[in-house]
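Heads up: the structure comes next, in structure tokens.
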Amino acid sequence: MNALQAFWLYIKDFNLLSVILRLVLSAMAGAAIGVERAAHGRAAGLRTHMTVALGAAMTAMVGLYAVQVLGFDSDPLRVAAQVVSGLGFLGAGTILLRRGGSQIQGLTTAAGLWTVAAIGIAMGIGFYEGALVATLAVTLILSIISRVEFRMNRQRQRMSVYLEITSVNAVQTTVATLKQDYGAIECQVTPPRSGTSPHVGIEALIRMPPKVDIEAKLTKLSKLENVVFTLQNF
């Protein structure tokens with residue numbers, strides 16, 4: 001057995017060096033995935049993914065410690081299994097229903113957190129190979145595949161806008177124009193954000209064709225009859 005093989009078997013075993021290595025690698029794996037989420041302005045970003053991965057790894061090692069060091073007669077992965085169900089609550093917190101429940105946001109982030117937890121567990125039990133390959137795969141999915149998906153969905157992409165019009169008498173005409181010329185759906189009348197009476201607000205999802213600048217689209221909308229100003233909803 002050469003030195004490399006001996007070192008590999010050593011870090012596969014449960015000892016101080018392997019504990020440190022597993023915690024460090026799990027945090028780094030979480031960071032690799034979290035940095036992409038943070039770059040896109042998601043609530044669950046770099047720190048969240050790092051701590052989830054680190055916590056999952058630590059939970060997995062608690063089970064190993066209880067069995068291998070303390071001699072408990074139990075399943076070493078029993079504690080780690082609770083991470084999967086527990087992550088459901090954290091993942092649910094990243095999912096938002098927006099615009100009357102018609103659009104769901106945060107599913108990718110929630111799935112990422114769940115995967116990060118699985119990677120942390122794998123790292124915690126010493127399955128370095130699987131954890132590292134999974135980290136690489138998720139990073140590629142979020143960075144490269146997401147661009148392909150964006151281009152595929154670009155043709156049917158929609159943007160949420162807010163328009164403020166002069167009065168309630170102009171609502172019907174404005175909504176009809178939005179539906180006919182801009183493919184708007186779910187137009188909703190709201191109180192005016194400017195607080196100016198008798199202005200009325202309209203929120204709508206409009207069609208956003210490829211290669212169309214958002215500012216140009218908003219400028220065009222603001223030139224509609226009876227429209228006071230427009231802005232993009234976030």
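Residue numbers start at 1 in each chain; chains themselves are named A, B, ... in the order of the structure tokens; ligands are numbered from 1 in the order shown.
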Per residue of range 103-192 of chain A within 8 Å of range 204-226 of chain A, what are the shortest atom pair and its distance in Å to one decimal, counting only C-alpha atoms, with rows by chain and residue number, as a Markdown table?
| residue | atom | partner | partner_atom | distance |
| --- | --- | --- | --- | --- |
| A:Arg154 | CA | A:Pro210 | CA | 6.0 |
| A:Gln155 | CA | A:Pro209 | CA | 5.7 |
| A:Arg156 | CA | A:Arg207 | CA | 7.0 |
| A:Gln157 | CA | A:Met208 | CA | 5.4 |
| A:Arg158 | CA | A:Arg207 | CA | 4.5 |
| A:Met159 | CA | A:Leu205 | CA | 5.4 |
| A:Ser160 | CA | A:Leu205 | CA | 4.4 |
| A:Val161 | CA | A:Ala204 | CA | 5.6 |
| A:Tyr162 | CA | A:Ala204 | CA | 6.6 |
| A:Leu163 | CA | A:Ser222 | CA | 7.7 |
| A:Ile165 | CA | A:Asn226 | CA | 5.4 |
| A:Thr166 | CA | A:Asn226 | CA | 5.4 |
| A:Ser167 | CA | A:Asn226 | CA | 7.9 |
| A:Ala170 | CA | A:Asn226 | CA | 6.6 |
| A:Thr174 | CA | A:Glu225 | CA | 7.8 |
| A:Leu178 | CA | A:Ile206 | CA | 7.4 |
| A:Lys179 | CA | A:Ile206 | CA | 8.0 |
| A:Tyr182 | CA | A:Ile206 | CA | 5.5 |
| A:Gly183 | CA | A:Arg207 | CA | 5.3 |
| A:Ala184 | CA | A:Ile206 | CA | 4.2 |
| A:Ile185 | CA | A:Leu205 | CA | 5.4 |
| A:Glu186 | CA | A:Ala204 | CA | 5.8 |
| A:Cys187 | CA | A:Ala204 | CA | 4.3 |
| A:Gln188 | CA | A:Ala204 | CA | 6.3 |
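For the pair CA of Asn233 in chain A and CA of Val200 in chain A, the interatomic distance is 15.9 Å.
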Within 9 Å of Leu25 in chain A, counting only C-alpha atoms, which residues qualify if same-chain residues fewer than 5 places away don't, as an mmCIF file with N, CA and C atoms, in the first residue's frame?
data_model
loop_
_atom_site.group_PDB
_atom_site.id
_atom_site.type_symbol
_atom_site.label_atom_id
_atom_site.label_comp_id
_atom_site.auth_asym_id
_atom_site.auth_seq_id
_atom_site.Cartn_x
_atom_site.Cartn_y
_atom_site.Cartn_z
ATOM 1 N N ILE A 20 -12.346 17.430 10.372
ATOM 2 C CA ILE A 20 -12.032 18.780 9.888
ATOM 3 C C ILE A 20 -12.198 18.854 8.372
ATOM 4 N N GLY A 30 -21.057 23.925 -0.317
ATOM 5 C CA GLY A 30 -22.195 24.829 -0.166
ATOM 6 C C GLY A 30 -21.910 26.198 -0.753
ATOM 7 N N LEU A 54 -22.831 22.586 5.951
ATOM 8 C CA LEU A 54 -22.036 22.331 7.158
ATOM 9 C C LEU A 54 -22.877 21.639 8.224
ATOM 10 N N GLY A 120 -23.941 17.621 1.922
ATOM 11 C CA GLY A 120 -23.351 17.708 3.258
ATOM 12 C C GLY A 120 -23.374 16.383 3.988
ATOM 13 N N MET A 123 -20.775 14.148 2.453
ATOM 14 C CA MET A 123 -19.447 14.551 2.899
ATOM 15 C C MET A 123 -19.238 14.137 4.352
ATOM 16 N N TYR A 128 -16.722 11.239 -0.181
ATOM 17 C CA TYR A 128 -16.175 12.433 -0.821
ATOM 18 C C TYR A 128 -16.432 12.449 -2.326
ATOM 19 N N LEU A 132 -18.434 15.503 -4.168
ATOM 20 C CA LEU A 132 -17.742 16.419 -5.068
ATOM 21 C C LEU A 132 -18.334 16.389 -6.474
#
Q: Go through A:Met50, A:Ala29, A:Ala57, A:Ile141 one by one, measure the shortest atom-to-atom distance of each to Ile125 in chain A using only C-alpha atoms, and give the residue with the smallest value.
A: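 Smallest separation from Ile125 in chain A among the options: A:Ala57.
Taking only C-alpha atoms into account, Tyr65 in chain A lies nearest to A:Asn15 out of the set A:Thr48, A:Gln82, A:Ser194, A:Asn15.
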Can you tell me, as an mmCIF file with all heavy atoms, in the first residue's frame, what residues are no more than 8 Å from Thr135 in chain A when counting only C-alpha atoms, ignoring any on the same chain fewer than 2 positions away?
data_model
loop_
_atom_site.group_PDB
_atom_site.id
_atom_site.type_symbol
_atom_site.label_atom_id
_atom_site.label_comp_id
_atom_site.auth_asym_id
_atom_site.auth_seq_id
_atom_site.Cartn_x
_atom_site.Cartn_y
_atom_site.Cartn_z
ATOM 1 N N ALA A 29 -18.397 23.152 -0.636
ATOM 2 C CA ALA A 29 -19.404 22.697 -1.599
ATOM 3 C C ALA A 29 -20.641 23.586 -1.536
ATOM 4 O O ALA A 29 -21.201 23.967 -2.572
ATOM 5 C CB ALA A 29 -19.776 21.242 -1.315
ATOM 6 N N ALA A 32 -19.843 26.852 -3.248
ATOM 7 C CA ALA A 32 -19.808 26.759 -4.715
ATOM 8 C C ALA A 32 -21.198 26.884 -5.312
ATOM 9 O O ALA A 32 -21.395 27.480 -6.375
ATOM 10 C CB ALA A 32 -19.170 25.441 -5.135
ATOM 11 N N ILE A 33 -22.190 26.318 -4.620
ATOM 12 C CA ILE A 33 -23.571 26.400 -5.096
ATOM 13 C C ILE A 33 -24.216 27.713 -4.676
ATOM 14 O O ILE A 33 -24.945 28.355 -5.443
ATOM 15 C CB ILE A 33 -24.382 25.205 -4.566
ATOM 16 C CG1 ILE A 33 -23.787 23.900 -5.105
ATOM 17 C CG2 ILE A 33 -25.858 25.324 -4.944
ATOM 18 C CD1 ILE A 33 -24.367 22.651 -4.488
ATOM 19 N N VAL A 116 -27.916 20.564 -1.440
ATOM 20 C CA VAL A 116 -26.766 20.929 -0.609
ATOM 21 C C VAL A 116 -26.762 20.121 0.679
ATOM 22 O O VAL A 116 -25.704 19.677 1.151
ATOM 23 C CB VAL A 116 -26.785 22.445 -0.314
ATOM 24 C CG1 VAL A 116 -25.929 22.764 0.901
ATOM 25 C CG2 VAL A 116 -26.279 23.223 -1.515
ATOM 26 N N ILE A 119 -25.558 16.714 -0.140
ATOM 27 C CA ILE A 119 -24.105 16.759 -0.337
ATOM 28 C C ILE A 119 -23.392 16.820 1.012
ATOM 29 O O ILE A 119 -22.367 16.160 1.225
ATOM 30 C CB ILE A 119 -23.722 17.968 -1.207
ATOM 31 C CG1 ILE A 119 -24.205 17.754 -2.652
ATOM 32 C CG2 ILE A 119 -22.209 18.215 -1.191
ATOM 33 C CD1 ILE A 119 -24.053 18.972 -3.549
ATOM 34 N N ALA A 131 -20.031 13.375 -3.198
ATOM 35 C CA ALA A 131 -20.319 14.754 -2.818
ATOM 36 C C ALA A 131 -19.685 15.749 -3.783
ATOM 37 O O ALA A 131 -20.310 16.735 -4.186
ATOM 38 C CB ALA A 131 -19.828 15.011 -1.393
ATOM 39 N N LEU A 132 -18.434 15.503 -4.168
ATOM 40 C CA LEU A 132 -17.742 16.419 -5.068
ATOM 41 C C LEU A 132 -18.334 16.389 -6.474
ATOM 42 O O LEU A 132 -18.490 17.431 -7.117
ATOM 43 C CB LEU A 132 -16.251 16.077 -5.113
ATOM 44 C CG LEU A 132 -15.484 16.336 -3.806
ATOM 45 C CD1 LEU A 132 -14.048 15.834 -3.923
ATOM 46 C CD2 LEU A 132 -15.500 17.820 -3.452
ATOM 47 N N VAL A 133 -18.682 15.195 -6.951
ATOM 48 C CA VAL A 133 -19.297 15.088 -8.277
ATOM 49 C C VAL A 133 -20.664 15.772 -8.285
ATOM 50 O O VAL A 133 -21.025 16.482 -9.232
ATOM 51 C CB VAL A 133 -19.431 13.606 -8.698
ATOM 52 C CG1 VAL A 133 -20.277 13.479 -9.964
ATOM 53 C CG2 VAL A 133 -18.054 12.997 -8.928
ATOM 54 N N ALA A 137 -21.932 18.896 -10.532
ATOM 55 C CA ALA A 137 -23.130 18.765 -11.373
ATOM 56 C C ALA A 137 -24.130 19.877 -11.086
ATOM 57 O O ALA A 137 -24.678 20.486 -12.015
ATOM 58 C CB ALA A 137 -23.775 17.393 -11.137
ATOM 59 N N VAL A 138 -24.367 20.161 -9.813
ATOM 60 C CA VAL A 138 -25.328 21.215 -9.459
ATOM 61 C C VAL A 138 -24.833 22.576 -9.928
ATOM 62 O O VAL A 138 -25.605 23.397 -10.428
ATOM 63 C CB VAL A 138 -25.583 21.227 -7.938
ATOM 64 C CG1 VAL A 138 -26.454 22.412 -7.544
ATOM 65 C CG2 VAL A 138 -26.242 19.933 -7.506
ATOM 66 N N THR A 139 -23.537 22.818 -9.768
ATOM 67 C CA THR A 139 -22.965 24.092 -10.217
ATOM 68 C C THR A 139 -23.154 24.274 -11.719
ATOM 69 O O THR A 139 -23.514 25.360 -12.187
ATOM 70 C CB THR A 139 -21.465 24.157 -9.872
ATOM 71 O OG1 THR A 139 -21.290 23.953 -8.467
ATOM 72 C CG2 THR A 139 -20.886 25.511 -10.245
#
Given only C-alpha atoms as the counted atoms, nearest of A:Gly34, A:Gly45, A:Gly55, A:Gly201 to Val84 in chain A: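 For Val84 in chain A, the nearest of the candidates is A:Gly55.
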### Message
Residues of range 2-229 of chain A classed as strand (DSSP E or B) by DSSP on the backbone are to be reported as number ranges by chain.
### Response
A: 96-98, 103-105, 158-165, 185-190, 200-207, 227-229
Between CA of Leu231 in chain A and CA of Pro191 in chain A lies a distance of 14.8 Å
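Take CA of Arg22 in chain A and CA of Glu36 in chain A: the distance between them is 22.0 Å.
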